[in-house]
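With mmCIF, C-alpha atoms inside, this is model.cif:
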```
data_protein
loop_
_atom_site.label_atom_id
_atom_site.label_comp_id
_atom_site.auth_asym_id
_atom_site.auth_seq_id
_atom_site.Cartn_x
_atom_site.Cartn_y
_atom_site.Cartn_z
CA GLN I 16 -43.38 -29.87 -6.59
CA LEU I 17 -40.20 -31.56 -5.37
CA ASN I 18 -40.81 -33.09 -1.95
CA THR I 19 -44.59 -33.18 -2.42
CA PRO I 20 -46.29 -36.58 -2.39
CA TYR I 21 -47.61 -38.51 -5.33
CA VAL I 22 -51.38 -37.96 -5.53
CA PHE I 23 -53.26 -39.90 -8.19
CA GLY I 24 -55.91 -37.79 -9.95
CA SER I 25 -55.11 -34.69 -7.98
CA ALA I 26 -58.34 -32.71 -8.31
CA GLY I 27 -58.68 -30.42 -5.33
CA PRO I 28 -61.23 -28.49 -3.28
CA ASP I 29 -63.35 -25.77 -4.90
CA GLY I 30 -62.10 -26.68 -8.37
CA ARG I 31 -58.48 -25.98 -7.43
CA ASN I 32 -55.98 -28.66 -8.28
CA GLN I 33 -53.91 -30.16 -5.48
CA THR I 34 -50.85 -29.56 -7.64
CA ASP I 35 -51.42 -25.78 -7.62
CA LEU I 36 -51.95 -25.98 -3.86
CA LEU I 37 -48.57 -27.78 -3.54
CA ILE I 38 -50.28 -30.76 -1.92
CA GLY I 39 -49.09 -33.28 -4.51
CA SER I 40 -49.39 -34.40 -8.11
CA ASP I 41 -49.53 -37.33 -10.47
CA CYS I 42 -47.35 -37.62 -13.58
CA ALA I 43 -49.59 -35.67 -15.98
CA ASP I 44 -50.33 -32.98 -13.41
CA LEU I 45 -46.60 -32.48 -12.86
CA ALA I 46 -46.07 -31.83 -16.59
CA VAL I 47 -49.01 -29.42 -16.74
CA TYR I 48 -47.89 -27.67 -13.55
CA ALA I 49 -44.44 -27.07 -15.06
CA ARG I 50 -46.09 -25.53 -18.11
CA ARG I 51 -48.31 -23.31 -15.97
CA ARG I 52 -45.37 -22.17 -13.81
CA ALA I 53 -43.56 -21.14 -17.00
CA GLY I 54 -46.44 -18.73 -17.67
CA PHE I 55 -48.34 -20.73 -20.25
CA LYS I 56 -52.00 -21.70 -20.25
CA ALA I 57 -52.67 -25.39 -19.65
CA GLU I 58 -55.53 -27.39 -18.19
CA TYR I 59 -54.94 -30.30 -15.86
CA THR I 60 -55.54 -33.64 -17.53
CA SER I 61 -54.52 -37.29 -17.41
CA SER I 62 -51.74 -39.13 -19.20
CA TYR I 63 -54.42 -40.14 -21.73
CA GLY I 64 -55.54 -36.56 -22.36
CA ILE I 65 -52.24 -34.71 -22.39
CA ASP I 66 -51.96 -35.14 -26.15
CA GLN I 67 -54.95 -32.82 -26.49
CA GLN I 68 -52.66 -29.99 -25.32
CA ALA I 69 -49.18 -31.18 -26.25
CA ARG I 70 -48.83 -32.42 -29.80
CA GLU I 71 -46.71 -35.32 -30.96
CA VAL I 72 -43.52 -34.31 -32.76
CA LYS I 73 -41.61 -36.51 -35.15
CA GLY I 74 -38.36 -34.55 -35.03
CA PRO I 75 -35.61 -34.78 -32.44
CA ALA I 76 -36.56 -34.73 -28.77
CA ARG I 77 -35.43 -31.73 -26.75
CA GLU I 78 -35.28 -30.85 -23.08
CA GLY I 79 -38.68 -29.79 -21.80
CA ASP I 80 -40.58 -32.14 -24.10
CA VAL I 81 -43.15 -34.46 -22.56
CA LEU I 82 -42.39 -38.14 -23.02
CA HIS I 83 -45.56 -40.22 -23.16
CA PHE I 84 -45.33 -43.95 -22.43
CA PRO I 85 -48.83 -45.20 -23.37
CA SER I 86 -48.23 -48.82 -22.34
CA MET I 87 -47.39 -47.64 -18.82
CA ARG I 88 -50.01 -44.83 -18.64
CA HIS I 89 -47.17 -42.51 -17.75
CA VAL I 90 -45.70 -39.17 -18.80
CA ALA I 91 -42.43 -37.52 -17.87
CA ILE I 92 -40.55 -34.36 -18.79
CA LEU I 93 -37.27 -34.78 -20.65
CA PHE I 94 -34.97 -33.06 -18.16
CA GLU I 95 -31.55 -33.69 -19.68
CA ASP I 96 -30.95 -34.95 -23.21
CA ARG I 97 -27.66 -36.81 -23.07
CA GLU I 98 -25.68 -38.07 -26.09
CA PRO I 99 -26.82 -38.87 -28.69
CA LYS I 100 -28.72 -35.57 -28.71
CA GLY I 101 -32.33 -35.64 -29.90
CA VAL I 102 -32.69 -39.38 -29.40
CA VAL I 103 -34.41 -40.66 -26.28
CA THR I 104 -32.20 -43.28 -24.63
CA GLU I 105 -32.02 -44.95 -21.23
CA ASP I 106 -29.24 -42.53 -20.25
CA ASP I 107 -31.43 -39.42 -20.62
CA LEU I 108 -32.80 -37.86 -17.44
CA ILE I 109 -36.50 -37.35 -16.84
CA LEU I 110 -38.43 -35.36 -14.27
CA HIS I 111 -41.43 -37.40 -13.20
CA THR I 112 -43.51 -38.72 -10.38
CA CYS I 113 -44.35 -42.39 -10.23
CA TRP I 114 -45.94 -43.53 -6.97
CA ALA I 115 -43.43 -41.29 -5.19
CA PRO I 116 -42.55 -37.59 -4.91
CA PRO I 117 -41.23 -35.97 -8.12
CA THR I 118 -37.65 -36.78 -8.93
CA VAL I 119 -35.05 -36.46 -11.64
CA GLN I 120 -34.09 -39.95 -12.71
CA ARG I 121 -32.24 -41.73 -15.48
CA ILE I 122 -34.76 -43.40 -17.80
CA GLY I 123 -32.92 -46.71 -17.47
CA ASP I 124 -33.26 -46.60 -13.68
CA THR I 125 -37.05 -46.53 -13.45
CA THR I 126 -39.62 -49.28 -13.93
CA CYS I 127 -42.31 -46.67 -14.64
CA VAL I 128 -41.46 -46.34 -18.33
CA ALA I 129 -41.28 -48.79 -21.20
CA PRO I 130 -41.28 -48.53 -24.96
CA PRO I 131 -42.94 -47.43 -27.05
CA TYR I 132 -42.87 -43.73 -26.25
CA ARG I 133 -44.10 -40.59 -27.95
CA VAL I 134 -42.48 -37.17 -27.82
CA LEU I 135 -45.05 -34.45 -27.13
CA ARG I 136 -44.46 -30.72 -27.20
CA PHE I 137 -46.66 -27.96 -25.88
CA PRO I 138 -47.28 -25.07 -28.30
CA SER I 139 -45.15 -21.99 -27.79
CA ALA I 140 -48.08 -19.56 -27.52
CA ARG I 141 -48.88 -18.23 -24.04
#
```
Turn the structure described in the file into C-alpha cells.
Amino acid sequence: QLNTPYVFGSAGPDGRNQTDLLIGSDCADLAVYARRRAGFKAEYTSSYGIDQQAREVKGPAREGDVLHFPSMRHVAILFEDREPKGVVTEDDLILHTCWAPPTVQRIGDTTCVAPPYRVLRFPSAR
C-alpha cells in the first residue's frame, strides 16, 4: 500500500475493496489489509468497527498491534516499539495513512493521533 493514495471509505467496484485493488486505503483499511496479506481472515471496516475484529488488550503493546485513537477517529499499526518496550510513547513508530499515502512515522511527529489510545490485537487464528 505504500505509495497509494489516501481514500476515505475505500469500498470498491463489484464489492471489491479499493485497498485490495491497490487503488488506495484509509487508516482502518490499511490495518485490515495488512492482516489479510499476512494470510488471516478479516473484513474491511471503519476505525469505529475495527474493535469488532481486533480485541482490546490490557497488557504491553507489541509490534503489529493496532493502536486506536477514538478521539481522532484514527487507527495505526505499531511498527516499531522503542524503549520503554511495551509502553506506547511518542517515540514509537506507527504505520498509518492520514489524509496522505501510508507512511511509517514517529507518533510524536503526527497530528493525526492524540490520547487516549487503545491497544487492539487481532486473534491469532487464521
Spatial sel., origin (-51.1, -18.5, -25.9), limit 10 Å, all atoms listed in the file, listed as a PDB file with C-alpha atoms, in the frame of the given file:
```pdb
ATOM      1  CA  GLY I  54     -46.440 -18.730 -17.670  1.00  0.00           C
ATOM      2  CA  PHE I  55     -48.340 -20.730 -20.250  1.00  0.00           C
ATOM      3  CA  LYS I  56     -52.000 -21.700 -20.250  1.00  0.00           C
ATOM      4  CA  ALA I  57     -52.670 -25.390 -19.650  1.00  0.00           C
ATOM      5  CA  PRO I 138     -47.280 -25.070 -28.300  1.00  0.00           C
ATOM      6  CA  SER I 139     -45.150 -21.990 -27.790  1.00  0.00           C
ATOM      7  CA  ALA I 140     -48.080 -19.560 -27.520  1.00  0.00           C
ATOM      8  CA  ARG I 141     -48.880 -18.230 -24.040  1.00  0.00           C
TER       9      ARG I 141
END
```
Taking the file as shown, find all residues satisfying the PyMOL selection byres ((chain I and resi 64-74) around 12) and write them as an MDAnalysis selection string. chainID I and resid 42:47 50 55:63 75:77 79:85 88:92 100:103 132:140
From the options I:Leu37, I:Ile122, I:Leu93, I:Cys127, which residue's atoms come nearest to I:Glu105, counting only C-alpha atoms?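 So, comparing all the options, the nearest one is I:Ile122.
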As a check of understanding, name the residues that the PyMOL selection byres ((chain I and resi 21) around 9) selects in the supplied structure, as a list in words. Thr19, Pro20, Val22, Phe23, Ser25, Ile38, Gly39, Ser40, Asp41, Cys42, Thr112, Cys113, Trp114, Ala115, Pro116 and Pro117 of chain I
From I:Ile109, I:Phe94, I:Met87, I:Tyr48, residue lying nearest I:Leu36 [all atoms listed in the file]: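 Of all the options, I:Tyr48 lies closest to I:Leu36.
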If you count only C-alpha atoms, which residues fall within 6 Å of I:Glu95, apart from same-chain ones fewer than 4 positions away, as a VMD selection string? chain I and resid 78 107 to 108
Selection to disk with C-alpha atoms, as a compact mmCIF listing (two decimals), in the frame of the given file:
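selection13.txt, freshly written:
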```
# COMPACT_ATOMS: atom_id res chain seq x y z
CA GLU I 78 -35.28 -30.85 -23.08
CA ASP I 107 -31.43 -39.42 -20.62
CA LEU I 108 -32.80 -37.86 -17.44
```
Do you have the atom CA of I:Thr104-atom CA of I:Gly123 distance handy?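 Computed distance, atom CA of I:Thr104 to atom CA of I:Gly123, equals 8.0 Å.
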I'd like the interatomic distance between atom CA of I:Leu110 and atom CA of I:Leu17, to a tenth of an Å.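 One can read the atom CA of I:Leu110 to atom CA of I:Leu17 distance as 9.8 Å.
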What is the distance, in Å and to one decimal place, between atom CA of I:Asp124 and atom CA of I:Asp106?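 Answer for the atom CA of I:Asp124 to atom CA of I:Asp106 separation: 8.7 Å.
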Stretch 71-82 of chain I rebuilt with all heavy atoms, output as a short mmCIF file (atom, residue, chain, number, x, y, z; two decimals), in the coordinates of the input:
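That gives us rebuild-v4.cif:
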```cif
data_model
loop_
_atom_site.label_atom_id
_atom_site.label_comp_id
_atom_site.auth_asym_id
_atom_site.auth_seq_id
_atom_site.Cartn_x
_atom_site.Cartn_y
_atom_site.Cartn_z
N GLU I 71 -47.81 -34.42 -30.64
CA GLU I 71 -46.71 -35.32 -30.96
C GLU I 71 -45.80 -34.68 -32.00
O GLU I 71 -46.28 -34.08 -32.97
CB GLU I 71 -47.24 -36.66 -31.46
CG GLU I 71 -46.16 -37.69 -31.67
CD GLU I 71 -46.70 -39.08 -31.94
OE1 GLU I 71 -47.94 -39.25 -32.03
OE2 GLU I 71 -45.87 -39.99 -32.06
N VAL I 72 -44.50 -34.81 -31.79
CA VAL I 72 -43.52 -34.31 -32.76
C VAL I 72 -42.71 -35.49 -33.27
O VAL I 72 -42.43 -36.43 -32.54
CB VAL I 72 -42.59 -33.23 -32.16
CG1 VAL I 72 -43.36 -31.97 -31.82
CG2 VAL I 72 -41.85 -33.73 -30.95
N LYS I 73 -42.38 -35.43 -34.54
CA LYS I 73 -41.61 -36.51 -35.15
C LYS I 73 -40.12 -36.19 -35.22
O LYS I 73 -39.33 -37.06 -35.48
CB LYS I 73 -42.14 -36.79 -36.57
CG LYS I 73 -43.57 -37.26 -36.59
CD LYS I 73 -43.73 -38.57 -35.86
CE LYS I 73 -45.17 -39.05 -35.92
NZ LYS I 73 -45.42 -40.19 -35.09
N GLY I 74 -39.76 -34.95 -34.97
CA GLY I 74 -38.36 -34.55 -35.03
C GLY I 74 -37.62 -34.95 -33.77
O GLY I 74 -38.12 -35.71 -32.94
N PRO I 75 -36.41 -34.44 -33.62
CA PRO I 75 -35.61 -34.78 -32.44
C PRO I 75 -36.25 -34.31 -31.14
O PRO I 75 -36.89 -33.26 -31.09
CB PRO I 75 -34.28 -34.06 -32.67
CG PRO I 75 -34.40 -33.28 -33.92
CD PRO I 75 -35.74 -33.53 -34.51
N ALA I 76 -36.09 -35.10 -30.11
CA ALA I 76 -36.56 -34.73 -28.77
C ALA I 76 -35.66 -33.64 -28.22
O ALA I 76 -34.46 -33.59 -28.53
CB ALA I 76 -36.56 -35.94 -27.85
N ARG I 77 -36.23 -32.77 -27.40
CA ARG I 77 -35.43 -31.73 -26.75
C ARG I 77 -35.88 -31.58 -25.31
O ARG I 77 -37.00 -31.94 -24.94
CB ARG I 77 -35.48 -30.43 -27.52
CG ARG I 77 -36.84 -29.81 -27.62
CD ARG I 77 -36.81 -28.58 -28.51
NE ARG I 77 -38.06 -27.85 -28.39
CZ ARG I 77 -38.57 -27.10 -29.32
NH1 ARG I 77 -37.94 -26.96 -30.47
NH2 ARG I 77 -39.70 -26.46 -29.13
N GLU I 78 -34.98 -31.04 -24.50
CA GLU I 78 -35.28 -30.85 -23.08
C GLU I 78 -36.54 -30.02 -22.93
O GLU I 78 -36.75 -29.04 -23.65
CB GLU I 78 -34.08 -30.20 -22.40
CG GLU I 78 -32.90 -31.15 -22.36
CD GLU I 78 -31.59 -30.50 -21.98
OE1 GLU I 78 -31.53 -29.27 -21.78
OE2 GLU I 78 -30.58 -31.24 -21.90
N GLY I 79 -37.40 -30.45 -22.02
CA GLY I 79 -38.68 -29.79 -21.80
C GLY I 79 -39.83 -30.49 -22.50
O GLY I 79 -40.99 -30.25 -22.17
N ASP I 80 -39.53 -31.37 -23.45
CA ASP I 80 -40.58 -32.14 -24.10
C ASP I 80 -41.21 -33.11 -23.10
O ASP I 80 -40.57 -33.52 -22.12
CB ASP I 80 -40.03 -32.96 -25.28
CG ASP I 80 -39.76 -32.12 -26.51
OD1 ASP I 80 -40.27 -30.97 -26.59
OD2 ASP I 80 -39.05 -32.61 -27.41
N VAL I 81 -42.45 -33.46 -23.37
CA VAL I 81 -43.15 -34.46 -22.56
C VAL I 81 -42.97 -35.81 -23.24
O VAL I 81 -43.23 -35.94 -24.44
CB VAL I 81 -44.65 -34.12 -22.43
CG1 VAL I 81 -45.38 -35.22 -21.68
CG2 VAL I 81 -44.83 -32.77 -21.73
N LEU I 82 -42.50 -36.78 -22.50
CA LEU I 82 -42.39 -38.14 -23.02
C LEU I 82 -43.60 -38.92 -22.53
O LEU I 82 -43.86 -38.98 -21.33
CB LEU I 82 -41.10 -38.80 -22.55
CG LEU I 82 -39.81 -38.05 -22.91
CD1 LEU I 82 -38.60 -38.82 -22.40
CD2 LEU I 82 -39.70 -37.82 -24.41
#
```
